[in-house]
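**Student:** model.cif (mmCIF, C-alpha atoms and all ligand atoms) pasted underneath:
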```
data_coords
loop_
_atom_site.label_atom_id
_atom_site.label_comp_id
_atom_site.auth_asym_id
_atom_site.auth_seq_id
_atom_site.Cartn_x
_atom_site.Cartn_y
_atom_site.Cartn_z
CA MET Z 1 19.00 68.44 169.56
CA GLN Z 2 18.31 71.96 168.37
CA LEU Z 3 21.40 74.21 168.03
CA LYS Z 4 21.33 77.98 168.51
CA ASP Z 5 21.97 78.64 164.80
CA GLY Z 6 18.99 76.54 163.85
CA ARG Z 7 20.83 73.39 162.79
CA GLN Z 8 19.73 70.09 164.24
CA ILE Z 9 21.67 67.08 165.39
CA LYS Z 10 19.60 64.01 164.87
CA ASN Z 11 19.59 60.89 166.97
CA LEU Z 12 21.35 57.85 165.56
CA THR Z 13 19.41 54.68 165.27
CA THR Z 14 20.99 51.60 166.84
CA GLU Z 15 22.36 50.51 163.43
CA GLU Z 16 23.95 53.87 162.54
CA THR Z 17 27.45 55.10 163.45
CA TYR Z 18 29.26 58.38 163.28
CA LYS Z 19 32.93 58.97 162.56
CA TYR Z 20 35.37 60.74 164.83
CA LEU Z 21 38.76 61.40 163.21
CA GLY Z 22 37.84 58.93 160.50
CA ILE Z 23 37.17 56.04 162.86
CA GLU Z 24 33.64 54.83 163.23
CA GLN Z 25 32.43 55.34 166.79
CA THR Z 26 30.58 52.27 167.81
CA PHE Z 27 30.25 50.25 170.98
CA GLU Z 28 33.25 48.26 169.74
CA ILE Z 29 35.77 49.28 167.10
CA ARG Z 30 34.69 47.59 163.89
CA GLN Z 31 38.13 46.25 163.08
CA LYS Z 32 37.45 44.74 159.70
CA GLU Z 33 35.61 47.70 158.18
CA ASN Z 34 38.05 50.23 159.59
CA LYS Z 35 41.03 48.27 158.34
CA GLU Z 36 39.66 48.00 154.82
CA ARG Z 37 38.76 51.68 154.75
CA ALA Z 38 42.21 52.79 155.95
CA LYS Z 39 43.93 50.63 153.36
CA MET Z 40 41.71 51.78 150.49
CA GLU Z 41 42.35 55.42 151.31
CA LEU Z 42 46.10 54.84 151.55
CA TYR Z 43 46.28 53.09 148.16
CA ARG Z 44 43.99 55.68 146.55
CA ARG Z 45 46.26 58.52 147.64
CA LEU Z 46 49.41 56.57 146.68
CA LYS Z 47 48.18 56.06 143.13
CA LEU Z 48 47.11 59.67 142.75
CA ILE Z 49 50.64 60.78 143.70
CA LEU Z 50 52.32 58.27 141.40
CA LYS Z 51 50.27 59.49 138.45
CA THR Z 52 51.62 63.05 138.81
CA GLN Z 53 54.66 64.48 137.03
CA LEU Z 54 56.51 65.14 140.30
CA SER Z 55 60.23 64.39 140.57
CA SER Z 56 61.33 61.30 142.45
CA LYS Z 57 62.09 63.09 145.72
CA ASN Z 58 58.84 65.07 145.63
CA LYS Z 59 56.82 61.92 145.04
CA MET Z 60 58.38 60.27 148.08
CA THR Z 61 57.72 63.39 150.16
CA ALA Z 62 54.11 63.52 148.98
CA ILE Z 63 53.57 59.87 149.93
CA ASN Z 64 55.11 60.53 153.37
CA ILE Z 65 53.08 63.61 154.19
CA TRP Z 66 49.80 63.02 152.40
CA ALA Z 67 49.22 59.30 151.79
CA ILE Z 68 50.78 57.63 154.83
CA PRO Z 69 49.27 59.90 157.56
CA SER Z 70 45.79 59.00 156.31
CA PHE Z 71 46.68 55.52 157.50
CA THR Z 72 48.89 55.98 160.54
CA TYR Z 73 46.41 57.54 162.87
CA THR Z 74 44.64 54.19 162.95
CA ALA Z 75 47.78 52.86 164.69
CA GLY Z 76 47.13 52.08 168.33
CA THR Z 77 43.34 52.05 167.89
CA VAL Z 78 42.83 49.58 165.08
CA ALA Z 79 44.52 46.26 165.80
CA TRP Z 80 47.07 45.90 163.03
CA SER Z 81 49.29 42.87 163.31
CA ARG Z 82 52.91 43.09 162.24
CA THR Z 83 52.08 40.88 159.25
CA ASP Z 84 49.25 43.24 158.23
CA LEU Z 85 51.64 46.17 158.19
CA GLN Z 86 54.35 44.26 156.35
CA LEU Z 87 51.86 43.24 153.68
CA ILE Z 88 50.81 46.87 153.24
CA ASP Z 89 54.44 47.94 152.87
CA ARG Z 90 54.86 45.22 150.26
CA LYS Z 91 51.78 46.38 148.40
CA ILE Z 92 53.22 49.93 148.33
CA ARG Z 93 56.48 48.57 146.92
CA THR Z 94 54.77 46.57 144.18
CA THR Z 95 52.78 49.68 143.26
CA LEU Z 96 56.06 51.64 143.02
CA THR Z 97 57.35 48.85 140.76
CA GLN Z 98 54.26 49.09 138.54
CA PHE Z 99 54.95 52.78 138.07
CA GLY Z 100 58.61 52.14 137.22
CA LEU Z 101 60.10 53.69 140.38
CA LEU Z 102 61.48 50.58 141.98
CA HIS Z 103 63.09 47.46 140.56
CA PRO Z 104 61.95 44.32 142.43
CA ASN Z 105 65.57 43.17 142.94
CA SER Z 106 66.80 46.49 144.32
CA ALA Z 107 67.77 46.80 147.98
CA ILE Z 108 64.56 47.28 149.99
CA GLU Z 109 66.51 48.93 152.84
CA ARG Z 110 67.57 51.79 150.59
CA LEU Z 111 63.96 52.67 149.81
CA TYR Z 112 63.42 53.55 153.49
CA LEU Z 113 66.79 55.09 154.35
CA PRO Z 114 67.20 58.88 154.36
CA ARG Z 115 68.34 60.40 151.07
CA LYS Z 116 71.50 61.82 152.57
CA GLU Z 117 72.57 58.26 153.35
CA GLY Z 118 71.97 56.90 149.87
CA GLY Z 119 68.32 55.99 150.36
CA ARG Z 120 65.09 57.28 148.83
CA GLY Z 121 63.50 58.55 152.02
CA LEU Z 122 60.16 56.74 151.95
CA CYS Z 123 58.48 56.04 155.31
CA SER Z 124 57.60 52.43 155.99
CA ILE Z 125 54.11 51.85 157.33
CA GLU Z 126 55.48 49.32 159.80
CA ASP Z 127 57.89 51.85 161.23
CA VAL Z 128 55.56 54.87 161.38
CA CYS Z 129 52.91 52.72 163.10
CA ASP Z 130 55.51 51.54 165.63
CA LYS Z 131 56.40 55.15 166.36
CA GLU Z 132 52.76 56.14 166.62
CA LYS Z 133 52.05 53.38 169.15
CA ILE Z 134 54.99 54.51 171.28
CA ASN Z 135 53.71 58.10 171.13
CA ILE Z 136 50.24 57.08 172.25
CA LYS Z 137 51.61 54.99 175.10
CA ASN Z 138 53.79 57.87 176.29
CA TYR Z 139 50.86 60.25 176.05
CA PHE Z 140 48.74 58.22 178.45
CA ARG Z 141 51.65 57.61 180.79
CA ASN Z 142 52.51 61.27 181.07
CA ILE Z 143 49.07 62.48 182.08
CA ASN Z 144 48.06 61.99 185.69
CA LEU Z 145 44.30 62.09 185.28
CA PRO Z 146 42.53 58.95 186.54
CA VAL Z 147 41.15 57.98 183.13
CA HIS Z 148 44.58 58.18 181.48
CA GLN Z 149 46.18 56.24 184.27
CA TRP Z 150 43.48 53.62 184.01
CA VAL Z 151 44.19 53.22 180.30
CA THR Z 152 47.87 52.56 180.97
CA THR Z 153 46.94 49.70 183.31
CA GLN Z 154 44.67 48.08 180.75
CA ASP Z 155 47.33 47.02 178.25
CA ILE Z 156 45.02 48.23 175.51
CA ILE Z 157 47.90 49.37 173.37
CA THR Z 158 49.93 46.41 172.24
CA GLN Z 159 53.27 45.87 173.92
CA GLU Z 160 55.05 44.32 170.99
CA VAL Z 161 56.98 47.43 169.95
CA SER Z 162 60.43 48.01 171.34
CA GLU Z 163 60.60 51.53 172.70
CA ASP Z 164 64.30 51.75 172.16
CA GLN Z 165 64.71 53.89 169.01
CA GLN Z 166 67.49 51.67 167.70
CA ASP Z 167 65.71 48.38 168.19
CA ARG Z 168 62.63 49.07 166.08
CA ALA Z 169 62.62 46.61 163.18
CA ASN Z 170 62.83 49.38 160.58
CA SER Z 171 64.87 51.99 162.42
CA VAL Z 172 67.59 53.70 160.40
CA GLU Z 173 70.22 51.74 162.34
CA GLN Z 174 68.61 48.41 161.51
CA LEU Z 175 68.13 49.31 157.83
CA ARG Z 176 71.74 50.46 157.54
CA HIS Z 177 72.92 47.25 159.14
CA ARG Z 178 70.81 45.02 156.88
CA TRP Z 179 71.90 46.85 153.71
CA GLN Z 180 75.56 46.62 154.70
CA SER Z 181 75.42 42.90 155.38
CA LYS Z 182 73.79 41.93 152.08
CA GLN Z 183 76.20 40.16 149.80
CA LEU Z 184 75.40 41.89 146.52
CA HIS Z 185 73.61 45.09 147.59
CA GLY Z 186 76.16 45.64 150.36
CA ARG Z 187 78.98 46.25 147.89
CA PHE Z 188 77.78 49.75 147.09
CA TYR Z 189 77.40 50.48 150.80
CA THR Z 190 81.05 49.52 151.29
CA SER Z 191 82.12 51.62 148.30
CA MET Z 192 80.21 54.65 149.54
CA HIS Z 193 81.85 54.40 152.95
CA GLN Z 194 85.44 54.31 151.72
CA GLU Z 195 87.64 56.78 153.57
CA GLU Z 196 88.33 58.89 150.48
CA ILE Z 197 84.65 59.32 149.52
CA ASP Z 198 82.65 62.45 150.34
CA THR Z 199 79.33 60.83 151.29
CA ALA Z 200 77.29 64.03 151.36
CA ALA Z 201 78.54 65.09 147.92
CA SER Z 202 78.01 61.56 146.58
CA ASN Z 203 74.33 61.69 147.56
CA THR Z 204 73.72 65.15 146.07
CA TYR Z 205 71.49 63.74 143.30
CA LEU Z 206 69.28 62.19 145.99
CA THR Z 207 69.11 65.14 148.38
CA GLN Z 208 68.45 67.57 145.53
CA GLY Z 209 66.10 65.01 144.03
CA TYR Z 210 65.90 66.44 140.52
CA LEU Z 211 65.82 63.12 138.64
CA PHE Z 212 62.80 61.53 137.00
CA PRO Z 213 61.53 58.73 139.26
CA GLN Z 214 62.30 56.08 136.63
CA THR Z 215 65.85 57.38 136.13
CA GLU Z 216 66.48 57.33 139.85
CA GLY Z 217 65.13 53.77 139.93
CA THR Z 218 67.55 52.74 137.16
CA ILE Z 219 70.52 54.28 139.00
CA PHE Z 220 69.63 52.21 142.06
CA VAL Z 221 69.43 49.06 139.94
CA ILE Z 222 72.94 49.79 138.63
CA GLN Z 223 74.39 50.64 142.06
CA ASP Z 224 72.74 47.60 143.66
CA GLN Z 225 74.32 45.50 140.88
CA VAL Z 226 71.10 43.78 139.87
CA VAL Z 227 71.27 44.80 136.21
CA PRO Z 228 70.49 41.81 133.98
CA THR Z 229 73.93 41.48 132.39
CA ARG Z 230 74.78 38.06 130.95
CA ASN Z 231 76.97 37.33 133.95
CA TYR Z 232 74.26 38.32 136.47
CA THR Z 233 71.60 36.35 134.59
CA LYS Z 234 73.70 33.19 134.73
CA ILE Z 235 75.38 33.43 138.14
CA ILE Z 236 72.78 35.22 140.28
CA MET Z 237 69.53 34.44 138.47
CA LYS Z 238 70.79 30.91 137.63
CA GLN Z 239 69.32 30.99 134.16
CA GLN Z 240 70.63 29.30 131.05
CA VAL Z 241 73.03 31.63 129.25
CA GLU Z 242 75.22 30.25 126.44
CA ASN Z 243 77.81 32.97 126.44
CA THR Z 244 78.60 35.25 129.36
CA LYS Z 245 81.08 37.35 127.36
CA CYS Z 246 80.20 40.99 126.65
CA ARG Z 247 77.65 41.40 123.85
CA LEU Z 248 79.60 44.38 122.50
CA CYS Z 249 83.26 43.38 122.59
CA ASN Z 250 82.97 39.62 123.21
CA LYS Z 251 86.29 39.80 125.09
CA ALA Z 252 85.57 40.30 128.79
CA GLU Z 253 82.86 38.84 131.02
CA GLU Z 254 79.67 40.89 130.71
CA THR Z 255 79.38 42.29 134.24
CA ILE Z 256 77.96 45.66 135.28
CA GLN Z 257 81.50 46.83 136.09
CA HIS Z 258 82.63 45.95 132.59
CA LEU Z 259 79.75 47.84 130.99
CA LEU Z 260 80.21 50.89 133.23
CA SER Z 261 83.85 51.49 132.47
CA GLY Z 262 85.72 48.58 130.90
CA CYS Z 263 84.30 47.92 127.44
CA SER Z 264 86.66 48.81 124.58
CA VAL Z 265 83.82 49.10 122.05
CA ILE Z 266 82.21 52.11 123.77
CA ALA Z 267 85.38 53.64 125.25
CA SER Z 268 85.80 56.22 122.52
CA THR Z 269 82.09 57.05 122.27
CA LYS Z 270 79.88 56.64 125.31
CA TYR Z 271 82.57 56.76 128.00
CA LEU Z 272 84.20 59.72 126.30
CA SER Z 273 80.99 61.73 126.02
CA ARG Z 274 80.08 60.97 129.66
CA ARG Z 275 83.47 62.26 130.79
CA ASN Z 276 83.34 65.25 128.45
CA ASN Z 277 79.87 66.22 129.67
CA MET Z 278 81.24 66.31 133.19
CA GLY Z 279 84.25 68.32 132.00
CA LYS Z 280 82.12 70.82 130.10
CA VAL Z 281 80.43 71.81 133.38
CA VAL Z 282 83.80 72.78 134.80
CA HIS Z 283 84.99 74.43 131.60
CA GLN Z 284 81.94 76.65 131.35
CA GLY Z 285 82.05 77.41 135.08
CA ILE Z 286 85.65 78.58 134.95
CA CYS Z 287 85.16 80.59 131.75
CA LEU Z 288 82.11 82.36 133.21
CA GLU Z 289 83.99 83.05 136.42
CA LYS Z 290 86.98 84.48 134.55
CA ASN Z 291 84.82 86.61 132.23
CA LEU Z 292 85.76 84.59 129.17
CA LEU Z 293 82.09 83.83 128.59
CA LYS Z 294 79.09 86.07 129.14
CA ASN Z 295 76.10 83.74 129.05
CA PHE Z 296 75.29 80.39 130.58
CA THR Z 297 74.38 77.54 128.22
CA PRO Z 298 72.76 74.29 129.44
CA TYR Z 299 75.58 71.76 129.54
CA HIS Z 300 74.07 69.35 127.00
CA LEU Z 301 74.09 72.21 124.44
CA TYR Z 302 77.44 73.63 125.51
CA VAL Z 303 80.42 73.17 123.18
CA PRO Z 304 83.72 74.38 124.66
CA GLU Z 305 85.93 76.55 122.47
CA PRO Z 306 89.40 75.01 122.04
CA VAL Z 307 90.94 78.32 123.23
CA LEU Z 308 89.38 81.23 125.09
CA GLU Z 309 91.57 84.17 126.02
CA ASN Z 310 91.56 87.66 127.53
CA ASN Z 311 94.27 89.84 129.06
CA GLU Z 312 94.37 87.84 132.26
CA MET Z 313 93.53 84.26 131.36
CA LYS Z 314 93.85 81.70 128.64
CA VAL Z 315 91.80 78.49 128.83
CA TYR Z 316 92.45 75.50 126.59
CA TRP Z 317 90.03 72.63 126.07
CA ASP Z 318 91.39 69.27 124.91
CA LEU Z 319 94.77 70.81 124.22
CA THR Z 320 97.47 68.81 122.49
CA VAL Z 321 100.79 70.33 123.53
CA PRO Z 322 103.04 69.69 120.51
CA ASP Z 323 106.72 68.79 120.18
CA LEU Z 324 107.51 68.03 123.78
CA GLY Z 325 108.30 64.40 123.32
CA THR Z 326 105.98 63.64 126.28
CA GLU Z 327 103.73 60.64 125.97
CA HIS Z 328 100.90 62.30 127.90
CA ASN Z 329 100.56 65.67 126.25
CA ARG Z 330 96.79 65.94 125.90
CA PRO Z 331 95.08 67.02 129.11
CA ASP Z 332 91.36 67.85 129.09
CA MET Z 333 91.88 71.45 130.18
CA VAL Z 334 94.71 73.89 130.83
CA VAL Z 335 94.00 77.16 132.63
CA TRP Z 336 96.79 79.72 132.24
CA ASP Z 337 96.76 82.65 134.66
CA LYS Z 338 98.82 85.35 132.94
CA ILE Z 339 98.81 87.75 135.90
CA HIS Z 340 100.02 85.30 138.54
CA LYS Z 341 102.18 83.36 136.08
CA THR Z 342 100.70 80.01 137.02
CA ALA Z 343 98.83 77.30 135.17
CA THR Z 344 96.52 74.44 136.13
CA ILE Z 345 96.21 71.19 134.24
CA ILE Z 346 92.70 69.80 134.78
CA ASP Z 347 91.82 66.26 133.80
CA PHE Z 348 88.58 64.34 134.30
CA ALA Z 349 87.92 60.68 134.98
CA VAL Z 350 84.92 58.42 135.59
CA PRO Z 351 86.33 55.19 137.07
CA LEU Z 352 84.64 52.38 139.03
CA ASP Z 353 83.74 52.97 142.69
CA HIS Z 354 86.83 51.30 144.15
CA ASN Z 355 89.32 52.89 141.74
CA LEU Z 356 88.90 56.54 142.67
CA SER Z 357 92.12 57.06 144.64
CA LYS Z 358 94.13 54.93 142.26
CA THR Z 359 92.89 56.93 139.27
CA TYR Z 360 93.73 60.15 141.07
CA ALA Z 361 97.32 59.06 141.67
CA GLU Z 362 97.62 57.85 138.06
CA LYS Z 363 96.49 61.21 136.70
CA ILE Z 364 99.04 63.07 138.82
CA GLY Z 365 101.79 60.75 137.61
CA LYS Z 366 100.65 60.96 134.02
CA TYR Z 367 100.91 64.75 133.77
CA GLU Z 368 103.92 65.36 135.98
CA MET Z 369 106.34 65.55 133.06
CA LEU Z 370 104.00 67.77 131.07
CA SER Z 371 103.51 70.15 133.99
CA ARG Z 372 107.27 70.73 134.24
CA GLN Z 373 107.59 71.23 130.50
CA ILE Z 374 104.72 73.72 130.41
CA ARG Z 375 106.24 75.59 133.35
CA ASP Z 376 109.56 75.97 131.53
CA MET Z 377 108.06 76.64 128.12
CA TRP Z 378 105.61 79.34 129.30
CA LYS Z 379 108.03 80.65 131.94
CA LEU Z 380 105.64 80.12 134.85
CA LYS Z 381 106.18 80.06 138.59
CA ARG Z 382 104.02 77.00 139.17
CA VAL Z 383 101.89 74.44 137.33
CA ASP Z 384 99.33 72.42 139.33
CA ILE Z 385 97.69 69.18 138.28
CA ILE Z 386 94.04 68.82 139.29
CA PRO Z 387 92.31 65.51 138.58
CA LEU Z 388 88.53 65.80 139.01
CA ILE Z 389 87.01 62.39 139.58
CA ILE Z 390 83.47 61.04 140.06
CA SER Z 391 82.79 57.31 139.81
CA ALA Z 392 80.43 55.85 137.21
CA ASN Z 393 77.95 55.32 140.09
CA GLY Z 394 78.21 58.96 141.13
CA LEU Z 395 80.58 58.60 144.11
CA VAL Z 396 82.56 61.78 144.65
CA LEU Z 397 86.18 61.76 145.78
CA LYS Z 398 86.83 64.12 148.72
CA LYS Z 399 89.65 65.66 146.68
CA THR Z 400 87.20 66.55 143.90
CA VAL Z 401 85.14 68.65 146.31
CA GLN Z 402 88.28 70.24 147.72
CA HIS Z 403 89.67 71.11 144.26
CA LEU Z 404 86.41 72.67 143.11
CA LYS Z 405 86.56 74.94 146.17
CA GLU Z 406 90.17 75.85 145.40
CA LEU Z 407 89.14 76.70 141.85
CA GLY Z 408 86.46 79.01 143.26
CA MET Z 409 83.67 77.18 141.45
CA HIS Z 410 79.95 77.69 142.06
CA PRO Z 411 78.71 75.40 144.90
CA ASN Z 412 76.33 73.67 142.51
CA THR Z 413 79.16 72.55 140.21
CA ILE Z 414 79.41 69.17 141.91
CA SER Z 415 75.70 68.59 141.38
CA TRP Z 416 75.88 69.36 137.63
CA MET Z 417 79.02 67.24 137.17
CA GLN Z 418 77.42 64.33 138.99
CA LYS Z 419 74.23 64.69 136.97
CA ALA Z 420 76.25 64.49 133.74
CA VAL Z 421 77.99 61.32 134.96
CA LEU Z 422 74.85 59.59 136.22
CA LEU Z 423 72.80 60.36 133.12
CA GLY Z 424 75.76 59.07 131.05
CA THR Z 425 75.82 55.85 133.06
CA VAL Z 426 72.04 55.31 132.81
CA ASN Z 427 72.25 56.00 129.10
CA ILE Z 428 75.00 53.39 128.61
CA VAL Z 429 73.15 50.67 130.51
CA ARG Z 430 69.83 51.42 128.83
CA GLN Z 431 71.32 51.44 125.33
CA VAL Z 432 73.38 48.29 125.78
CA LEU Z 433 70.85 46.15 127.64
CA PHE Z 434 67.52 47.57 126.53
CA PRO Z 435 68.20 48.98 123.04
CA HIS Z 436 64.54 48.80 122.07
ZN ZN Z 501 82.61 44.81 126.29
#
```
Rewrite the structure of this file - the entire thing - as structure tokens.
**Tutor:**
Amino acid sequence: MQLKDGRQIKNLTTEETYKYLGIEQTFEIRQKENKERAKMELYRRLKLILKTQLSSKNKMTAINIWAIPSFTYTAGTVAWSRTDLQLIDRKIRTTLTQFGLLHPNSAIERLYLPRKEGGRGLCSIEDVCDKEKINIKNYFRNINLPVHQWVTTQDIITQEVSEDQQDRANSVEQLRHRWQSKQLHGRFYTSMHQEEIDTAASNTYLTQGYLFPQTEGTIFVIQDQVVPTRNYTKIIMKQQVENTKCRLCNKAEETIQHLLSGCSVIASTKYLSRRNNMGKVVHQGICLEKNLLKNFTPYHLYVPEPVLENNEMKVYWDLTVPDLGTEHNRPDMVVWDKIHKTATIIDFAVPLDHNLSKTYAEKIGKYEMLSRQIRDMWKLKRVDIIPLIISANGLVLKKTVQHLKELGMHPNTISWMQKAVLLGTVNIVRQVLFPH
């Protein structure tokens, strides 16, 4: 056929095919060839993305919007069985493992859950294909032309997908339910849904997505409690382990909980620096806010001055209040407001997930005596005690969010504090278990 602009469209021979939207147009759909081609393209794009320097969240987004759509438009035309799709999802997961993003023992459900719910926000091929099939079916049903109506009577599109949003095998509801009911992985789900936890704040590191993919993977391994501690290796992996006591202190059982916050050998070093790094964020924030500091310093380089003072404020870091006869006379921070004649005792803690409220109450009790003594000594109207608490796994107490607002801190403060805690936790686990 001769076109007006001079180009020609040639006839196809009986052996040749042409592609429309990537699918070969032939008398019948060539299932095998089309399947192979769709898979190859998906894996090619997946690997290209994983080789980039993108952050964890951006990699997941890139896979969702660039790799997976190359595959999903074959849904409803190419006959994928459920097993086919599940195998492809598995292949994607093993590729993520090869690139260090996903530990094989981590909770699979979390990979596919939204980031704001504690997941990593990857689309599953099985689920997007289910959705696509439902879309196609609805498209034909909703058009009243004879050809469309004829298609709906032909049962060409497989009927195996439940059209109820909640019943799809990999719907958010189903994933949530499966994660929750898993014996080991489900513990973190339960912790995250405690009444006193601010879920949105606790998932800040995921929604902001600033972490390296490998670091995010390690945090999930820790939260899912599949870290190869001696206890886990013996009890869960059922391997021969002579001694399940902690390799550092040799006193307690070596569990992930013990390593995260209970080991006496690293209490004064690694736990202390993790807590201080979180505290430094708040110290610098307050001092900038109160004009005691002029310039921002990245927190890992920031060293708080023991005392910073101007006409209105005086801020102490790691103050030891002398000669009061009080046992607890060394809070992390004291902020003295000279104008309003008030002071705030601020103390930081990084406990285990289920100890947040208990730690909060302990801190209040611990500094009650000191707060009264400071009030009398400095002749103040009021002294408040503010414990700021984030768990070793990054869970944020609702009260922490509330206090930061009361202190007038920058909205990103919670994110920086949480980052300090999580990097501290990853650092502890890596150095203890994988020192080389
Ligand atoms: Zn220990």
**Student:** Find the residues around region 230-243 of chain Z up to 10 Å (all atoms listed in the file counted), leave out those fewer than 4 positions away in its own chain, and share them as a list in words.
**Tutor:**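 The contact residues come out as Leu184, Gln225, Val226, Arg247, Asn250, Glu253, Glu254, Thr255, Ile256 and Leu433 of chain Z.
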**Student:** For the interface of region 102-142 of chain Z with region 43-63 of chain Z (cut-off 12 Å, counting all atoms listed in the file), please tabulate each contacting residue of region 102-142 of chain Z alongside its nearest pair of atoms and their separation in Å to one decimal, rows sorted by chain and increasing number, as JSON lines.
**Tutor:**
```
{"residue": "Z:Leu102", "atom": "CA", "partner": "Z:Ser56", "partner_atom": "CA", "distance": 10.7}
{"residue": "Z:Leu111", "atom": "CA", "partner": "Z:Met60", "partner_atom": "CA", "distance": 9.6}
{"residue": "Z:Tyr112", "atom": "CA", "partner": "Z:Met60", "partner_atom": "CA", "distance": 10.0}
{"residue": "Z:Leu113", "atom": "CA", "partner": "Z:Met60", "partner_atom": "CA", "distance": 11.7}
{"residue": "Z:Pro114", "atom": "CA", "partner": "Z:Lys57", "partner_atom": "CA", "distance": 10.9}
{"residue": "Z:Arg115", "atom": "CA", "partner": "Z:Lys57", "partner_atom": "CA", "distance": 8.7}
{"residue": "Z:Lys116", "atom": "CA", "partner": "Z:Lys57", "partner_atom": "CA", "distance": 11.7}
{"residue": "Z:Gly119", "atom": "CA", "partner": "Z:Lys57", "partner_atom": "CA", "distance": 10.5}
{"residue": "Z:Arg120", "atom": "CA", "partner": "Z:Lys57", "partner_atom": "CA", "distance": 7.2}
{"residue": "Z:Gly121", "atom": "CA", "partner": "Z:Met60", "partner_atom": "CA", "distance": 6.7}
{"residue": "Z:Leu122", "atom": "CA", "partner": "Z:Met60", "partner_atom": "CA", "distance": 5.5}
{"residue": "Z:Cys123", "atom": "CA", "partner": "Z:Ile63", "partner_atom": "CA", "distance": 8.2}
{"residue": "Z:Ser124", "atom": "CA", "partner": "Z:Ile63", "partner_atom": "CA", "distance": 10.4}
{"residue": "Z:Ile125", "atom": "CA", "partner": "Z:Ile63", "partner_atom": "CA", "distance": 10.9}
```
**Student:** Find the distance between CA of Gly424 (chain Z) and CA of Ile346 (chain Z) and write it in Å to one decimal.
**Tutor:** 20.4 Å
**Student:** Name each residue within 8 Å of ligand ZN 501 (chain Z), counting only C-alpha atoms and all ligand atoms, as a list in words.
**Tutor:**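 Protein and nucleic-acid residues within 8 Å of ligand ZN 501 (chain Z): Lys245, Cys246, Arg247, Leu248, Cys249, Asn250, Lys251, Ala252, Glu253, Glu254, His258, Leu259, Gly262, Cys263, Ser264, Val265 and Ile266 of chain Z.
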**Student:** Choose the residue, out of Z:Val281, Z:Gln149, Z:Leu356, Z:Glu312, that has the smallest atom-to-atom separation from Met333 (chain Z); count all atoms listed in the file.
**Tutor:**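 Closest to Met333 (chain Z) of all the choices is Z:Val281.
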**Student:** I'd like the interatomic distance between CA of Pro306 (chain Z) and CA of Lys280 (chain Z), to a tenth of an Å.
**Tutor:**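 Distance reported for this atom pair: 11.6 Å.
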**Student:** Here is a test: counting all atoms listed in the file, which residue of Z:Glu173, Z:Asp332, Z:Glu132, Z:Glu406 is nearest to Phe348 (chain Z)?
**Tutor:**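 Smallest distance to Phe348 (chain Z) is found for Z:Asp332.
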**Student:** Ranking Z:Met313, Z:Ile374, Z:Ala79, Z:Ala420 by minimum distance to Tyr299 (chain Z) and counting all atoms listed in the file, which one comes first?
**Tutor:**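 Smallest separation from Tyr299 (chain Z) among the options: Z:Ala420.
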**Student:** Kindly list the centre and edge lengths in Å, rounded to one decimal, for the axis-aligned box that covers all listed atoms of region 375-391 of chain Z plus 8 Å on each of its six sides, as lines of an AutoDock Vina configuration file.
**Tutor:**
```
center_x = 96.2
center_y = 69.0
center_z = 134.1
size_x = 42.8
size_y = 39.3
size_z = 27.9
```
**Student:** Looking at Z:Asp337, Z:Ile390, Z:Pro322, Z:Leu211, which one is nearest to Leu370 (chain Z), with distances taken over only C-alpha atoms?
**Tutor:** Z:Pro322
